[in-house]
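Okay, query_37.cif is below, mmCIF, C-alpha atoms; chains and numbers go by the auth columns:
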```
data_run
#
loop_
_atom_site.group_PDB
_atom_site.id
_atom_site.type_symbol
_atom_site.label_atom_id
_atom_site.label_comp_id
_atom_site.label_asym_id
_atom_site.label_seq_id
_atom_site.Cartn_x
_atom_site.Cartn_y
_atom_site.Cartn_z
_atom_site.B_iso_or_equiv
_atom_site.auth_seq_id
_atom_site.auth_asym_id
ATOM 1 C CA MET A 1 23.591 0.107 -11.623 0.00 144 A
ATOM 2 C CA THR A 2 20.185 -1.459 -12.201 0.00 145 A
ATOM 3 C CA THR A 3 16.791 0.157 -11.794 0.00 146 A
ATOM 4 C CA MET A 4 13.260 -1.228 -11.904 0.00 147 A
ATOM 5 C CA THR A 5 10.305 0.156 -13.791 0.00 148 A
ATOM 6 C CA THR A 6 7.988 2.025 -11.439 0.00 149 A
ATOM 7 C CA GLU A 7 4.530 3.487 -11.748 0.00 150 A
ATOM 8 C CA THR A 8 2.937 5.966 -9.348 0.00 151 A
ATOM 9 C CA LEU A 9 -0.834 5.772 -9.111 0.00 152 A
ATOM 10 C CA THR A 10 -2.842 8.571 -7.529 0.00 153 A
ATOM 11 C CA VAL A 11 -6.260 9.270 -6.117 0.00 154 A
ATOM 12 C CA THR A 12 -7.747 12.480 -4.753 0.00 155 A
ATOM 13 C CA ILE A 13 -9.743 11.982 -1.560 0.00 156 A
ATOM 14 C CA ASP A 14 -12.158 14.510 -0.092 0.00 157 A
ATOM 15 C CA ALA A 15 -11.078 13.820 3.490 0.00 158 A
ATOM 16 C CA PRO A 16 -8.444 15.391 5.747 0.00 159 A
ATOM 17 C CA ALA A 17 -4.884 14.340 4.959 0.00 160 A
ATOM 18 C CA ASP A 18 -4.123 13.433 8.578 0.00 161 A
ATOM 19 C CA THR A 19 -7.147 11.110 8.755 0.00 162 A
ATOM 20 C CA VAL A 20 -6.153 9.293 5.560 0.00 163 A
ATOM 21 C CA THR A 21 -2.499 9.131 6.630 0.00 164 A
ATOM 22 C CA LYS A 22 -3.381 7.624 10.020 0.00 165 A
ATOM 23 C CA ASP A 23 -5.512 5.002 8.264 0.00 166 A
ATOM 24 C CA LEU A 24 -2.698 4.115 5.852 0.00 167 A
ATOM 25 C CA ALA A 25 -0.230 3.931 8.764 0.00 168 A
ATOM 26 C CA ASN A 26 -2.381 1.236 10.419 0.00 169 A
ATOM 27 C CA PRO A 27 -1.500 -2.209 9.000 0.00 170 A
ATOM 28 C CA ALA A 28 -4.746 -3.691 10.325 0.00 171 A
ATOM 29 C CA ALA A 29 -6.751 -1.305 8.108 0.00 172 A
ATOM 30 C CA HIS A 30 -5.192 -2.278 4.759 0.00 173 A
ATOM 31 C CA PRO A 31 -7.176 -5.524 4.259 0.00 174 A
ATOM 32 C CA GLU A 32 -10.374 -3.540 4.857 0.00 175 A
ATOM 33 C CA TRP A 33 -9.949 -1.475 1.678 0.00 176 A
ATOM 34 C CA ALA A 34 -7.337 -3.411 -0.346 0.00 177 A
ATOM 35 C CA THR A 35 -9.546 -6.451 -0.815 0.00 178 A
ATOM 36 C CA ASN A 36 -8.094 -7.425 -4.204 0.00 179 A
ATOM 37 C CA PHE A 37 -4.592 -7.731 -2.710 0.00 180 A
ATOM 38 C CA PHE A 38 -5.290 -9.078 0.785 0.00 181 A
ATOM 39 C CA ALA A 39 -7.390 -12.161 1.585 0.00 182 A
ATOM 40 C CA GLY A 40 -8.482 -11.723 5.167 0.00 183 A
ATOM 41 C CA PRO A 41 -7.439 -9.634 8.144 0.00 184 A
ATOM 42 C CA ALA A 42 -3.969 -8.622 9.289 0.00 185 A
ATOM 43 C CA THR A 43 -2.762 -10.286 12.484 0.00 186 A
ATOM 44 C CA ALA A 44 -0.231 -8.625 14.792 0.00 187 A
ATOM 45 C CA ALA A 45 3.047 -10.560 14.976 0.00 188 A
ATOM 46 C CA GLU A 46 6.461 -9.892 16.553 0.00 189 A
ATOM 47 C CA ASN A 47 8.614 -6.752 16.326 0.00 190 A
ATOM 48 C CA ASP A 48 5.922 -4.435 14.918 0.00 191 A
ATOM 49 C CA THR A 49 5.214 -6.777 12.019 0.00 192 A
ATOM 50 C CA TRP A 50 1.921 -8.213 10.867 0.00 193 A
ATOM 51 C CA THR A 51 0.973 -11.451 9.163 0.00 194 A
ATOM 52 C CA VAL A 52 -1.284 -10.996 6.143 0.00 195 A
ATOM 53 C CA ASN A 53 -2.598 -13.322 3.456 0.00 196 A
ATOM 54 C CA VAL A 54 -1.538 -12.142 0.000 0.00 197 A
ATOM 55 C CA PRO A 55 -2.552 -14.751 -2.603 0.00 198 A
ATOM 56 C CA MET A 56 -0.366 -13.220 -5.346 0.00 199 A
ATOM 57 C CA MET A 57 2.646 -13.777 -3.033 0.00 200 A
ATOM 58 C CA GLY A 58 1.680 -17.373 -2.283 0.00 201 A
ATOM 59 C CA GLY A 59 -0.308 -16.938 0.941 0.00 202 A
ATOM 60 C CA GLU A 60 0.779 -15.655 4.344 0.00 203 A
ATOM 61 C CA VAL A 61 3.530 -13.023 4.345 0.00 204 A
ATOM 62 C CA SER A 62 5.007 -10.531 6.775 0.00 205 A
ATOM 63 C CA MET A 63 4.106 -6.860 6.550 0.00 206 A
ATOM 64 C CA LYS A 64 5.407 -3.824 8.358 0.00 207 A
ATOM 65 C CA VAL A 65 4.698 -0.143 8.066 0.00 208 A
ATOM 66 C CA ASP A 66 7.156 2.669 8.692 0.00 209 A
ATOM 67 C CA ALA A 67 5.164 5.885 8.899 0.00 210 A
ATOM 68 C CA ASP A 68 5.723 9.566 9.566 0.00 211 A
ATOM 69 C CA VAL A 69 2.096 10.619 9.916 0.00 212 A
ATOM 70 C CA ALA A 70 2.890 14.312 10.418 0.00 213 A
ATOM 71 C CA ASN A 71 4.617 14.440 7.025 0.00 214 A
ATOM 72 C CA GLY A 72 2.328 12.062 5.107 0.00 215 A
ATOM 73 C CA ARG A 73 4.995 9.386 4.545 0.00 216 A
ATOM 74 C CA ILE A 74 4.123 5.717 4.696 0.00 217 A
ATOM 75 C CA ASP A 75 6.549 3.009 3.595 0.00 218 A
ATOM 76 C CA LEU A 76 5.026 -0.470 3.291 0.00 219 A
ATOM 77 C CA TYR A 77 7.181 -3.584 3.450 0.00 220 A
ATOM 78 C CA LEU A 78 6.172 -7.119 2.466 0.00 221 A
ATOM 79 C CA ALA A 79 8.228 -10.333 2.617 0.00 222 A
ATOM 80 C CA PRO A 80 7.693 -14.087 2.707 0.00 223 A
ATOM 81 C CA LEU A 81 7.440 -15.359 6.279 0.00 224 A
ATOM 82 C CA GLY A 82 10.920 -15.596 7.793 0.00 225 A
ATOM 83 C CA ALA A 83 12.583 -13.701 4.933 0.00 226 A
ATOM 84 C CA PRO A 84 14.086 -10.214 5.174 0.00 227 A
ATOM 85 C CA PHE A 85 12.088 -7.248 3.948 0.00 228 A
ATOM 86 C CA GLY A 86 13.116 -5.740 0.626 0.00 229 A
ATOM 87 C CA PRO A 87 12.669 -2.158 -0.521 0.00 230 A
ATOM 88 C CA PRO A 88 9.524 -0.321 0.528 0.00 231 A
ATOM 89 C CA LEU A 89 6.384 0.406 -1.408 0.00 232 A
ATOM 90 C CA PRO A 90 6.289 4.174 -0.867 0.00 233 A
ATOM 91 C CA VAL A 91 2.964 5.878 -0.222 0.00 234 A
ATOM 92 C CA ARG A 92 2.665 9.625 0.177 0.00 235 A
ATOM 93 C CA VAL A 93 -0.310 11.678 1.313 0.00 236 A
ATOM 94 C CA ILE A 94 -0.243 15.280 0.127 0.00 237 A
ATOM 95 C CA PRO A 95 -2.728 17.894 1.390 0.00 238 A
ATOM 96 C CA ASN A 96 -4.979 19.201 -1.373 0.00 239 A
ATOM 97 C CA GLY A 97 -7.343 21.906 -0.112 0.00 240 A
ATOM 98 C CA ASP A 98 -9.560 20.285 2.522 0.00 241 A
ATOM 99 C CA GLY A 99 -8.696 16.837 1.164 0.00 242 A
ATOM 100 C CA CYS A 100 -5.588 15.070 -0.043 0.00 243 A
ATOM 101 C CA ASP A 101 -3.877 13.250 -2.862 0.00 244 A
ATOM 102 C CA VAL A 102 -2.569 9.743 -2.204 0.00 245 A
ATOM 103 C CA LEU A 103 0.407 8.649 -4.302 0.00 246 A
ATOM 104 C CA PHE A 104 1.224 4.923 -4.303 0.00 247 A
ATOM 105 C CA THR A 105 4.350 3.771 -6.151 0.00 248 A
ATOM 106 C CA LEU A 106 4.646 0.197 -7.413 0.00 249 A
ATOM 107 C CA ALA A 107 7.810 -1.422 -8.748 0.00 250 A
ATOM 108 C CA ARG A 108 7.903 -4.022 -11.513 0.00 251 A
ATOM 109 C CA PHE A 109 10.073 -6.920 -10.512 0.00 252 A
ATOM 110 C CA PRO A 110 12.556 -8.358 -13.028 0.00 253 A
ATOM 111 C CA GLY A 111 10.962 -11.032 -15.169 0.00 254 A
ATOM 112 C CA GLN A 112 7.386 -10.046 -14.291 0.00 255 A
ATOM 113 C CA PRO A 113 5.245 -10.736 -17.362 0.00 256 A
ATOM 114 C CA ASP A 114 3.612 -7.755 -19.063 0.00 257 A
ATOM 115 C CA ALA A 115 0.103 -9.037 -18.312 0.00 258 A
ATOM 116 C CA ALA A 116 0.878 -9.463 -14.597 0.00 259 A
ATOM 117 C CA TRP A 117 2.299 -5.925 -14.396 0.00 260 A
ATOM 118 C CA THR A 118 -0.698 -4.412 -16.216 0.00 261 A
ATOM 119 C CA ASP A 119 -3.165 -6.423 -14.118 0.00 262 A
ATOM 120 C CA GLY A 120 -1.376 -5.374 -10.910 0.00 263 A
ATOM 121 C CA LEU A 121 -1.584 -1.691 -11.827 0.00 264 A
ATOM 122 C CA ALA A 122 -5.290 -1.978 -12.642 0.00 265 A
ATOM 123 C CA SER A 123 -5.908 -3.808 -9.372 0.00 266 A
ATOM 124 C CA MET A 124 -4.060 -1.136 -7.366 0.00 267 A
ATOM 125 C CA GLN A 125 -6.089 1.604 -9.036 0.00 268 A
ATOM 126 C CA ARG A 126 -9.284 -0.206 -7.970 0.00 269 A
ATOM 127 C CA GLU A 127 -7.880 -0.452 -4.427 0.00 270 A
ATOM 128 C CA LEU A 128 -7.262 3.305 -4.393 0.00 271 A
ATOM 129 C CA VAL A 129 -10.882 3.904 -5.424 0.00 272 A
ATOM 130 C CA SER A 130 -11.885 1.668 -2.511 0.00 273 A
ATOM 131 C CA LEU A 131 -9.697 3.757 -0.173 0.00 274 A
ATOM 132 C CA LYS A 132 -11.371 6.902 -1.535 0.00 275 A
ATOM 133 C CA ASP A 133 -14.844 5.418 -0.973 0.00 276 A
ATOM 134 C CA ARG A 134 -13.836 4.394 2.563 0.00 277 A
ATOM 135 C CA HIS A 135 -12.998 7.985 3.474 0.00 278 A
ATOM 136 C CA GLU A 136 -15.676 9.809 1.544 0.00 279 A
ATOM 137 C CA SER A 137 -18.704 7.767 2.629 0.00 280 A
#
```

Can you turn what I pasted into structure tokens?
Amino acid sequence: MTTMTTETLTVTIDAPADTVTKDLANPAAHPEWATNFFAGPATAAENDTWTVNVPMMGGEVSMKVDADVANGRIDLYLAPLGAPFGPPLPVRVIPNGDGCDVLFTLARFPGQPDAAWTDGLASMQRELVSLKDRHES
């Protein structure tokens, strides 16, 4: 059995958990706060998928979101256009007083260079700060 290295990044947001969860469950909203990862808006496609431009994945890719808003579970899926989706990028929103904690788990793909992994983690942490600013301003 093989496993991948994972890292869970977190941010505490002073906004209601249900508001943040609904935002994360909306694929069209991701390019608005995750501007390091996405280049441009998400466009609705077929079968509840979206087309998004992700330069680090070579350009346009498919994205779908499977969400249980009531329980703070969002699973994000990305794949090259026309290819099947792989495992999800799990995101969890946990109530924390009047606000919430957002937990975003990234997986390191086999063969990914150390610098690319480290840069990706730093970029995701910046994106989470952007999500926090989006909901706290």

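Of the residues under consideration (A:Ser280, A:Ser266, A:Gln255, A:Ser273), A:Gln255 shows the shortest atom-to-atom contact distance to Thr148 in chain A when counting all atoms listed in the file.
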
Considering all atoms listed in the file, return as a tab-separated table (two decimals) with C-alpha atoms, keeping the file's coordinate frame whatever protein or nucleic-acid residues lie within 9 Å of Pro170 in chain A, sequence-local ones (same chain, fewer than 5 positions apart) excluded.
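Below is the file out-v3.tsv, written as the result:
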```tsv
chain	number	residue	atom	x	y	z
A	185	ALA	CA	-3.97	-8.62	9.29
A	186	THR	CA	-2.76	-10.29	12.48
A	187	ALA	CA	-0.23	-8.62	14.79
A	192	THR	CA	5.21	-6.78	12.02
A	193	TRP	CA	1.92	-8.21	10.87
A	206	MET	CA	4.11	-6.86	6.55
A	207	LYS	CA	5.41	-3.82	8.36
A	208	VAL	CA	4.70	-0.14	8.07
A	219	LEU	CA	5.03	-0.47	3.29
```

One number please: CA of Gly215 in chain A to CA of Gln268 in chain A, in Å, one decimal.
19.5 Å

Find the spatial neighbours of range 235-246 of chain A, counting all atoms listed in the file, within a cut-off of 7 Å - ignore same-chain residues fewer than 3 positions away - and output them as a ChimeraX atom specification.
/A:151-160,164,215-217

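When all atoms listed in the file are used to compute distances to Ala188 in chain A, the closest of the residues A:Met200, A:Val163, A:Val212, A:Leu224 turns out to be A:Leu224.
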
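Here CA of Trp260 in chain A and CA of Glu150 in chain A stand 10.0 Å from one another.
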
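Note that the spacing between CA of Ala265 in chain A and CA of Asn196 in chain A amounts to 19.9 Å.
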
Every residue with an atom at most 12 Å from (18.2, -3.7, -0.7) (file coordinates; only C-alpha atoms) is what I'm after, so could you write them as a ChimeraX atom specification?
/A:145-146,220,227-231

Writing out the chosen residues with C-alpha atoms as a PDB file, in the coordinates of the input:
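Listed below is the output, out.pdb:
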```pdb
ATOM      1  CA  THR A 145      20.185  -1.459 -12.201  1.00  0.00           C
ATOM      2  CA  THR A 146      16.791   0.157 -11.794  1.00  0.00           C
ATOM      3  CA  TYR A 220       7.181  -3.584   3.450  1.00  0.00           C
ATOM      4  CA  PRO A 227      14.086 -10.214   5.174  1.00  0.00           C
ATOM      5  CA  PHE A 228      12.088  -7.248   3.948  1.00  0.00           C
ATOM      6  CA  GLY A 229      13.116  -5.740   0.626  1.00  0.00           C
ATOM      7  CA  PRO A 230      12.669  -2.158  -0.521  1.00  0.00           C
ATOM      8  CA  PRO A 231       9.524  -0.321   0.528  1.00  0.00           C
TER       9      PRO A 231
END
```

Shell of 9 Å around range 177-183 of chain A, all atoms listed in the file, local chain residues under 4 positions omitted, as a VMD selection string:
chain A and resid 172 to 173 195 to 199 202 266 to 267 269 to 271 273 to 274

Export of the given selection (C-alpha atoms) as a PDB file, keeping the file's coordinate frame:
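Contents of result05.pdb, as written:
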```
ATOM      1  CA  ALA A 172      -6.751  -1.305   8.108  1.00  0.00           C
ATOM      2  CA  HIS A 173      -5.192  -2.278   4.759  1.00  0.00           C
ATOM      3  CA  VAL A 195      -1.284 -10.996   6.143  1.00  0.00           C
ATOM      4  CA  ASN A 196      -2.598 -13.322   3.456  1.00  0.00           C
ATOM      5  CA  VAL A 197      -1.538 -12.142   0.000  1.00  0.00           C
ATOM      6  CA  PRO A 198      -2.552 -14.751  -2.603  1.00  0.00           C
ATOM      7  CA  MET A 199      -0.366 -13.220  -5.346  1.00  0.00           C
ATOM      8  CA  GLY A 202      -0.308 -16.938   0.941  1.00  0.00           C
ATOM      9  CA  SER A 266      -5.908  -3.808  -9.372  1.00  0.00           C
ATOM     10  CA  MET A 267      -4.060  -1.136  -7.366  1.00  0.00           C
ATOM     11  CA  ARG A 269      -9.284  -0.206  -7.970  1.00  0.00           C
ATOM     12  CA  GLU A 270      -7.880  -0.452  -4.427  1.00  0.00           C
ATOM     13  CA  LEU A 271      -7.262   3.305  -4.393  1.00  0.00           C
ATOM     14  CA  SER A 273     -11.885   1.668  -2.511  1.00  0.00           C
ATOM     15  CA  LEU A 274      -9.697   3.757  -0.173  1.00  0.00           C
TER      16      LEU A 274
END
```

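Among the candidates A:Thr248, A:Thr194, A:Thr261, A:Asn169, the residue lying nearest to Asp209 in chain A is A:Asn169 (atoms considered: all atoms listed in the file).
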
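Shortest separation to Leu264 in chain A among A:His278, A:Asp191, A:Ala213, A:Phe247 occurs at residue A:Phe247, atoms counted being all atoms listed in the file.
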
Would you give the centre and edge lengths, in Å to one decimal, of a box along x, y and z around the listed atoms of range 168-178 of chain A, with 5 Å added to each side, as lines of an AutoDock Vina configuration file?
```
center_x = -5.3
center_y = -1.3
center_z = 4.8
size_x = 20.1
size_y = 20.4
size_z = 21.2
```

Just save range 149-241 of chain A with C-alpha atoms, as a PDB file, in the first residue's frame.
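Below is the file that was written, decode_11.pdb:
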```pdb
ATOM      1  CA  THR A 149       0.005  15.421   3.060  1.00  0.00           C
ATOM      2  CA  GLU A 150      -0.054  18.748   4.827  1.00  0.00           C
ATOM      3  CA  THR A 151      -3.109  20.389   6.382  1.00  0.00           C
ATOM      4  CA  LEU A 152      -3.042  24.171   6.442  1.00  0.00           C
ATOM      5  CA  THR A 153      -5.434  26.136   8.630  1.00  0.00           C
ATOM      6  CA  VAL A 154      -6.807  29.615   9.056  1.00  0.00           C
ATOM      7  CA  THR A 155      -9.179  31.019  11.659  1.00  0.00           C
ATOM      8  CA  ILE A 156     -11.839  33.305  10.201  1.00  0.00           C
ATOM      9  CA  ASP A 157     -14.001  35.682  12.214  1.00  0.00           C
ATOM     10  CA  ALA A 158     -17.125  34.953  10.170  1.00  0.00           C
ATOM     11  CA  PRO A 159     -19.951  32.432  10.571  1.00  0.00           C
ATOM     12  CA  ALA A 160     -19.033  28.886   9.577  1.00  0.00           C
ATOM     13  CA  ASP A 161     -22.093  28.490   7.346  1.00  0.00           C
ATOM     14  CA  THR A 162     -21.221  31.651   5.390  1.00  0.00           C
ATOM     15  CA  VAL A 163     -17.641  30.499   4.791  1.00  0.00           C
ATOM     16  CA  THR A 164     -18.782  26.965   3.933  1.00  0.00           C
ATOM     17  CA  LYS A 165     -21.312  28.219   1.371  1.00  0.00           C
ATOM     18  CA  ASP A 166     -18.589  30.345  -0.231  1.00  0.00           C
ATOM     19  CA  LEU A 167     -16.185  27.395  -0.412  1.00  0.00           C
ATOM     20  CA  ALA A 168     -18.955  25.199  -1.863  1.00  0.00           C
ATOM     21  CA  ASN A 169     -19.365  27.638  -4.780  1.00  0.00           C
ATOM     22  CA  PRO A 170     -16.820  26.845  -7.528  1.00  0.00           C
ATOM     23  CA  ALA A 171     -17.312  30.275  -9.105  1.00  0.00           C
ATOM     24  CA  ALA A 172     -16.030  31.939  -5.910  1.00  0.00           C
ATOM     25  CA  HIS A 173     -12.654  30.161  -5.719  1.00  0.00           C
ATOM     26  CA  PRO A 174     -10.871  32.285  -8.371  1.00  0.00           C
ATOM     27  CA  GLU A 175     -11.980  35.399  -6.476  1.00  0.00           C
ATOM     28  CA  TRP A 176      -9.827  34.584  -3.435  1.00  0.00           C
ATOM     29  CA  ALA A 177      -7.381  31.929  -4.714  1.00  0.00           C
ATOM     30  CA  THR A 178      -5.690  34.266  -7.167  1.00  0.00           C
ATOM     31  CA  ASN A 179      -2.270  32.591  -6.954  1.00  0.00           C
ATOM     32  CA  PHE A 180      -3.741  29.254  -8.088  1.00  0.00           C
ATOM     33  CA  PHE A 181      -6.438  30.325 -10.555  1.00  0.00           C
ATOM     34  CA  ALA A 182      -5.915  32.665 -13.523  1.00  0.00           C
ATOM     35  CA  GLY A 183      -9.335  34.029 -14.334  1.00  0.00           C
ATOM     36  CA  PRO A 184     -12.929  33.121 -13.579  1.00  0.00           C
ATOM     37  CA  ALA A 185     -14.564  29.707 -13.362  1.00  0.00           C
ATOM     38  CA  THR A 186     -16.975  28.875 -16.178  1.00  0.00           C
ATOM     39  CA  ALA A 187     -19.875  26.456 -15.703  1.00  0.00           C
ATOM     40  CA  ALA A 188     -19.513  23.326 -17.847  1.00  0.00           C
ATOM     41  CA  GLU A 189     -21.418  20.024 -18.101  1.00  0.00           C
ATOM     42  CA  ASN A 190     -22.497  17.678 -15.295  1.00  0.00           C
ATOM     43  CA  ASP A 191     -21.900  20.098 -12.400  1.00  0.00           C
ATOM     44  CA  THR A 192     -18.302  20.695 -13.446  1.00  0.00           C
ATOM     45  CA  TRP A 193     -16.513  23.958 -14.071  1.00  0.00           C
ATOM     46  CA  THR A 194     -13.677  24.948 -16.364  1.00  0.00           C
ATOM     47  CA  VAL A 195     -10.919  26.909 -14.641  1.00  0.00           C
ATOM     48  CA  ASN A 196      -7.491  28.126 -15.699  1.00  0.00           C
ATOM     49  CA  VAL A 197      -4.787  26.709 -13.432  1.00  0.00           C
ATOM     50  CA  PRO A 198      -1.348  27.650 -14.807  1.00  0.00           C
ATOM     51  CA  MET A 199       0.501  25.152 -12.573  1.00  0.00           C
ATOM     52  CA  MET A 200      -1.607  22.386 -14.198  1.00  0.00           C
ATOM     53  CA  GLY A 201      -0.910  23.623 -17.720  1.00  0.00           C
ATOM     54  CA  GLY A 202      -3.947  25.849 -18.326  1.00  0.00           C
ATOM     55  CA  GLU A 203      -7.638  24.981 -18.477  1.00  0.00           C
ATOM     56  CA  VAL A 204      -8.774  22.089 -16.277  1.00  0.00           C
ATOM     57  CA  SER A 205     -12.036  20.678 -14.986  1.00  0.00           C
ATOM     58  CA  MET A 206     -13.140  21.338 -11.425  1.00  0.00           C
ATOM     59  CA  LYS A 207     -16.019  20.017  -9.386  1.00  0.00           C
ATOM     60  CA  VAL A 208     -17.076  20.479  -5.808  1.00  0.00           C
ATOM     61  CA  ASP A 209     -18.841  17.921  -3.645  1.00  0.00           C
ATOM     62  CA  ALA A 210     -20.114  19.729  -0.569  1.00  0.00           C
ATOM     63  CA  ASP A 211     -22.132  19.010   2.549  1.00  0.00           C
ATOM     64  CA  VAL A 212     -22.641  22.585   3.710  1.00  0.00           C
ATOM     65  CA  ALA A 213     -24.523  21.619   6.879  1.00  0.00           C
ATOM     66  CA  ASN A 214     -21.526  19.606   8.091  1.00  0.00           C
ATOM     67  CA  GLY A 215     -18.734  21.861   6.789  1.00  0.00           C
ATOM     68  CA  ARG A 216     -17.371  19.320   4.284  1.00  0.00           C
ATOM     69  CA  ILE A 217     -16.098  20.416   0.905  1.00  0.00           C
ATOM     70  CA  ASP A 218     -14.209  18.071  -1.411  1.00  0.00           C
ATOM     71  CA  LEU A 219     -12.547  19.766  -4.390  1.00  0.00           C
ATOM     72  CA  TYR A 220     -11.660  17.821  -7.520  1.00  0.00           C
ATOM     73  CA  LEU A 221      -9.378  18.951 -10.348  1.00  0.00           C
ATOM     74  CA  ALA A 222      -8.440  17.110 -13.559  1.00  0.00           C
ATOM     75  CA  PRO A 223      -7.098  17.872 -17.023  1.00  0.00           C
ATOM     76  CA  LEU A 224      -9.921  18.502 -19.488  1.00  0.00           C
ATOM     77  CA  GLY A 225     -11.434  15.184 -20.564  1.00  0.00           C
ATOM     78  CA  ALA A 226      -9.583  13.175 -17.905  1.00  0.00           C
ATOM     79  CA  PRO A 227     -11.188  11.493 -14.892  1.00  0.00           C
ATOM     80  CA  PHE A 228     -11.040  13.200 -11.522  1.00  0.00           C
ATOM     81  CA  GLY A 229      -8.580  11.806  -8.997  1.00  0.00           C
ATOM     82  CA  PRO A 230      -8.823  11.941  -5.220  1.00  0.00           C
ATOM     83  CA  PRO A 231     -10.300  15.049  -3.630  1.00  0.00           C
ATOM     84  CA  LEU A 232      -8.596  17.964  -1.976  1.00  0.00           C
ATOM     85  CA  PRO A 233     -10.493  17.881   1.326  1.00  0.00           C
ATOM     86  CA  VAL A 234     -11.534  21.143   2.956  1.00  0.00           C
ATOM     87  CA  ARG A 235     -13.280  21.252   6.307  1.00  0.00           C
ATOM     88  CA  VAL A 236     -14.926  24.186   8.051  1.00  0.00           C
ATOM     89  CA  ILE A 237     -15.169  23.804  11.817  1.00  0.00           C
ATOM     90  CA  PRO A 238     -17.169  26.228  13.991  1.00  0.00           C
ATOM     91  CA  ASN A 239     -14.967  28.154  16.409  1.00  0.00           C
ATOM     92  CA  GLY A 240     -17.006  30.452  18.657  1.00  0.00           C
ATOM     93  CA  ASP A 241     -18.717  32.978  16.383  1.00  0.00           C
TER      94      ASP A 241
END
```
